[in-house]
Amino acid sequence: MANKFDVVIIGAGAAGLMCAAEAGKRGRSVLVVDHAKKPGRKILISGGGRCNFTNYDVTASNFVCRNPHFAKSALSQYTQWDFIAMIAKHNIAYEERSHGQLFCEDSAKEIVQMLLAECDLPTVEQRYRCDVHDITKTDSGFRLKLNTDTVECESLVIATGGLSMPKLGATPFGYQVAEQFGLKMVPTTAGLVPFTLHKEEKEAFAELSGIAVPVTIEAEDGTYFKESLLFTHRGLSGPVILQISSYWTPGQKVTINLLPDVSLSDTLRAMRESNPNQSLKIALSRLLPKRLIEVLIERGDITDKPLKQYNEKEVASLDAYFHSWSIAPNGTEGYRTAEVTLGGVDTDELSSKTMEAKQVPGLYFAGEVMDVSGWLGGYNFQWAWSSGYVAGQYA
Ligand code: FDA
């Protein structure tokens, strides 16, 4: 005899735990299973251990999804203010950082503890180190063969996340379930991920590893971010690169404005006037890290000579160079370091109001497993909370 539950949730991460708590509060009998030893591993390591759990400013435009309207309903059914209210109810201290990002003051552990406290209901059972071997559709719902026993449920929620950071237990399980039930997929790729560079640039810039520069960056589709760029020994990282990586496809260039708040031609003209014998290297080192300027000179990208020797055409071309520094990344560091997975279960297959598969009654998806990926800044967790909450209302 199979154990019967109203709802089985696969994945005890951010979305799965939120969904379990909400379905449990409705009086549904819930089983949440995870193959990991413990719940919420990604929450624990997120935001440098402080979990950037949401953002003051959340709209559907902060998400990458083939259907730009899909996220709207869930984000309005469960908003950042709802999550902040839950945080306040559990007396978790938090702080605002730049761009409206909210972090725990103490530890991301508090978020996991809060979700577990919300799940602490007689209606909710959790099982860890639990593998799902097989799922079949029955007349009344689903039958799941687990490594321990067989369970049946009316509603099945897939909250197994994306592919990023396989060493934290990420698997393609959710995509396989979607395919088993005939749901279309949007091809997956790593998002919010550092860029690698071609050999010559990688070698030239490796010595700048650790240097950060405030820049603006633009993808070929016109998407634009203003944040900090970090040189690494593998290539380019920092918030601005992670953000733009979600809008980049192999073969494309990104255009970086290394001096977003400076008119370089005006500045160079003024410097030439006041100090005509000063070298370009010294002049530019007042605006940007000296080692970066030296590397650009060593590569022959710019020529170093006294400012008085620069004519107007050369000043204009220096201005253009620094305001639109064009880089063609070799690739990304991939799922090993990506914060998120772009693509996933095609949202055309799902109801934006309930997260239920349109063609498979009783089958729900929540969180990163679907083709909804947020910007850096707490948006991916907000999607997990919102979609998990919504699935929990209907499953
Ligand atoms: P999540 O990955 O959280 O959970 C999926 C669960 O399913 C896991 O517990 C996993 O073990 C389980 N599972 C997978 N396969 C299974 C299987 N076959 N059988 C059983 N269980 C299975 N976002 C943000 O907003 N702010 C931040 O600060 C950060 N920081 C951050 C840092 C790092 C290093 C990473 C990698 C990611 C972030 N993110 C983030 C992104 C955020 O962590 C992510 O989007 C959410 O955790 C997604 O929540 P889900 O519940 O969908 O998946």
# chains A, B, ... in the order shown; residues from 1 in each chain; ligands from 1
$ select_by_dssp --residues "segment 34-262 of chain A" --states "alpha helix (DSSP H)" --output "PyMOL selection string"
chain A and resi 41-45+71-77+80-89+109-119+173-180+199-206+239-245
$ residues_around --residues "Phe181 of chain A" --least-positions-apart "2" --cutoff "12 Å" --atoms "only C-alpha atoms" --output "ChimeraX atom specification"
/A:135-137,142,174-179,183-185,345,349,357-364
$ residues_around --residues "segment 10-14 of chain A" --least-positions-apart "4" --cutoff "10 Å" --atoms "only C-alpha atoms" --output "number ranges by chain"
A: 18-20, 31-36, 38-43, 53, 111-112, 115-116, 126-128, 130-132, 156-161, 173-174, 365-368, 380-385, 388
$ write_last_selection --atoms "N, CA and C atoms" --output "compact mmCIF listing (two decimals), in the first residue's frame"
# COMPACT_ATOMS: atom_id res chain seq x y z
N MET A 18 9.02 27.05 0.67
CA MET A 18 7.93 28.06 0.69
C MET A 18 6.62 27.39 0.29
N CYS A 19 6.67 26.57 -0.75
CA CYS A 19 5.47 25.89 -1.23
C CYS A 19 4.94 24.92 -0.16
N ALA A 20 5.84 24.19 0.50
CA ALA A 20 5.42 23.22 1.53
C ALA A 20 4.70 23.93 2.67
N LEU A 31 4.23 16.10 1.60
CA LEU A 31 5.54 15.45 1.77
C LEU A 31 6.52 16.21 0.90
N VAL A 32 7.60 16.72 1.52
CA VAL A 32 8.65 17.37 0.72
C VAL A 32 9.89 16.49 0.81
N VAL A 33 10.43 16.14 -0.37
CA VAL A 33 11.59 15.24 -0.40
C VAL A 33 12.77 15.93 -1.08
N ASP A 34 13.96 15.59 -0.64
CA ASP A 34 15.18 16.14 -1.26
C ASP A 34 16.26 15.08 -1.19
N HIS A 35 17.07 15.00 -2.23
CA HIS A 35 18.14 14.00 -2.21
C HIS A 35 19.33 14.44 -1.35
N ALA A 36 19.34 15.71 -0.98
CA ALA A 36 20.45 16.22 -0.16
C ALA A 36 20.26 15.82 1.32
N LYS A 38 20.45 17.95 3.77
CA LYS A 38 19.80 19.03 4.51
C LYS A 38 19.05 19.95 3.56
N PRO A 39 18.12 20.74 4.07
CA PRO A 39 17.39 21.67 3.19
C PRO A 39 18.19 22.95 2.90
N GLY A 40 17.84 23.59 1.79
CA GLY A 40 18.27 24.97 1.52
C GLY A 40 19.76 25.23 1.44
N ARG A 41 20.48 24.31 0.78
CA ARG A 41 21.95 24.51 0.75
C ARG A 41 22.34 25.78 0.02
N LYS A 42 21.61 26.10 -1.07
CA LYS A 42 21.98 27.32 -1.82
C LYS A 42 21.67 28.56 -1.01
N ILE A 43 20.62 28.49 -0.21
CA ILE A 43 20.30 29.66 0.64
C ILE A 43 21.48 29.90 1.59
N PHE A 53 18.08 38.19 0.13
CA PHE A 53 16.82 37.44 0.04
C PHE A 53 15.75 38.11 -0.82
N ILE A 111 17.38 32.37 7.46
CA ILE A 111 16.33 32.22 6.44
C ILE A 111 15.87 30.76 6.37
N VAL A 112 16.85 29.84 6.41
CA VAL A 112 16.48 28.42 6.37
C VAL A 112 15.69 28.07 7.63
N LEU A 115 12.15 29.27 7.28
CA LEU A 115 11.33 28.46 6.38
C LEU A 115 10.97 27.13 7.06
N LEU A 116 11.92 26.56 7.80
CA LEU A 116 11.63 25.30 8.49
C LEU A 116 10.59 25.53 9.59
N GLN A 126 8.93 16.08 6.07
CA GLN A 126 10.11 16.31 5.22
C GLN A 126 10.98 15.05 5.24
N ARG A 127 11.52 14.71 4.09
CA ARG A 127 12.45 13.57 4.03
C ARG A 127 13.69 13.97 3.24
N TYR A 128 14.85 13.73 3.86
CA TYR A 128 16.12 14.05 3.18
C TYR A 128 16.83 12.75 2.80
N CYS A 130 16.60 11.46 0.09
CA CYS A 130 15.48 10.72 -0.50
C CYS A 130 15.53 10.89 -2.02
N ASP A 131 15.70 9.77 -2.74
CA ASP A 131 15.75 9.81 -4.21
C ASP A 131 14.41 9.40 -4.79
N VAL A 132 14.06 10.07 -5.89
CA VAL A 132 12.83 9.71 -6.60
C VAL A 132 13.26 8.90 -7.82
N LEU A 156 1.64 17.22 -7.64
CA LEU A 156 3.10 17.04 -7.57
C LEU A 156 3.75 18.36 -7.94
N VAL A 157 4.64 18.84 -7.07
CA VAL A 157 5.32 20.11 -7.33
C VAL A 157 6.80 19.83 -7.57
N ILE A 158 7.31 20.29 -8.70
CA ILE A 158 8.73 20.11 -9.02
C ILE A 158 9.44 21.41 -8.68
N ALA A 159 10.32 21.33 -7.68
CA ALA A 159 11.06 22.53 -7.22
C ALA A 159 12.53 22.18 -7.08
N THR A 160 13.05 21.52 -8.12
CA THR A 160 14.42 20.99 -8.03
C THR A 160 15.48 21.97 -8.54
N GLY A 161 15.10 23.20 -8.84
CA GLY A 161 16.09 24.23 -9.19
C GLY A 161 16.73 24.02 -10.55
N PHE A 173 16.93 16.98 -12.90
CA PHE A 173 15.75 16.16 -12.62
C PHE A 173 14.45 16.83 -13.07
N GLY A 174 14.30 18.10 -12.75
CA GLY A 174 13.06 18.81 -13.08
C GLY A 174 12.81 18.86 -14.57
N PHE A 365 5.19 23.50 -11.14
CA PHE A 365 6.63 23.82 -11.10
C PHE A 365 6.81 25.10 -10.29
N ALA A 366 7.91 25.17 -9.55
CA ALA A 366 8.19 26.38 -8.77
C ALA A 366 9.69 26.65 -8.75
N GLY A 367 10.05 27.92 -8.83
CA GLY A 367 11.46 28.32 -8.69
C GLY A 367 12.23 28.31 -9.99
N GLU A 368 13.53 28.09 -9.84
CA GLU A 368 14.47 28.26 -10.94
C GLU A 368 14.34 27.20 -12.03
N ASN A 380 16.37 36.32 -7.73
CA ASN A 380 16.12 34.88 -7.90
C ASN A 380 15.43 34.29 -6.68
N PHE A 381 15.82 34.75 -5.50
CA PHE A 381 15.08 34.27 -4.32
C PHE A 381 13.64 34.81 -4.35
N GLN A 382 13.44 36.06 -4.75
CA GLN A 382 12.06 36.56 -4.78
C GLN A 382 11.22 35.69 -5.72
N TRP A 383 11.82 35.26 -6.84
CA TRP A 383 11.06 34.38 -7.74
C TRP A 383 10.75 33.04 -7.05
N ALA A 384 11.72 32.52 -6.31
CA ALA A 384 11.48 31.25 -5.59
C ALA A 384 10.35 31.44 -4.58
N TRP A 385 10.37 32.56 -3.82
CA TRP A 385 9.31 32.79 -2.81
C TRP A 385 7.95 32.94 -3.52
N GLY A 388 6.86 29.73 -5.39
CA GLY A 388 6.60 28.69 -4.39
C GLY A 388 5.31 28.96 -3.65
$ closest_residue --among "A:Lys226, A:Lys199, A:His133, A:Arg291" --to "Lys145 of chain A" --atoms "only C-alpha atoms"
A:His133
$ closest_residue --among "A:Leu288, A:Cys104, A:Leu75, A:Met165" --to "ligand 1" --atoms "only C-alpha atoms and all ligand atoms"
A:Met165
$ residues_around --residues "Thr255 of chain A" --least-positions-apart "6" --cutoff "7 Å" --atoms "only C-alpha atoms" --output "list in words"
Ile217, Glu218, Ala219, Ser324, Trp325, Ser326 and Ile327 of chain A
$ closest_residue --among "A:Leu342, A:Ala391, A:Leu284, A:Ala15" --to "Leu259 of chain A" --atoms "only C-alpha atoms"
A:Leu284
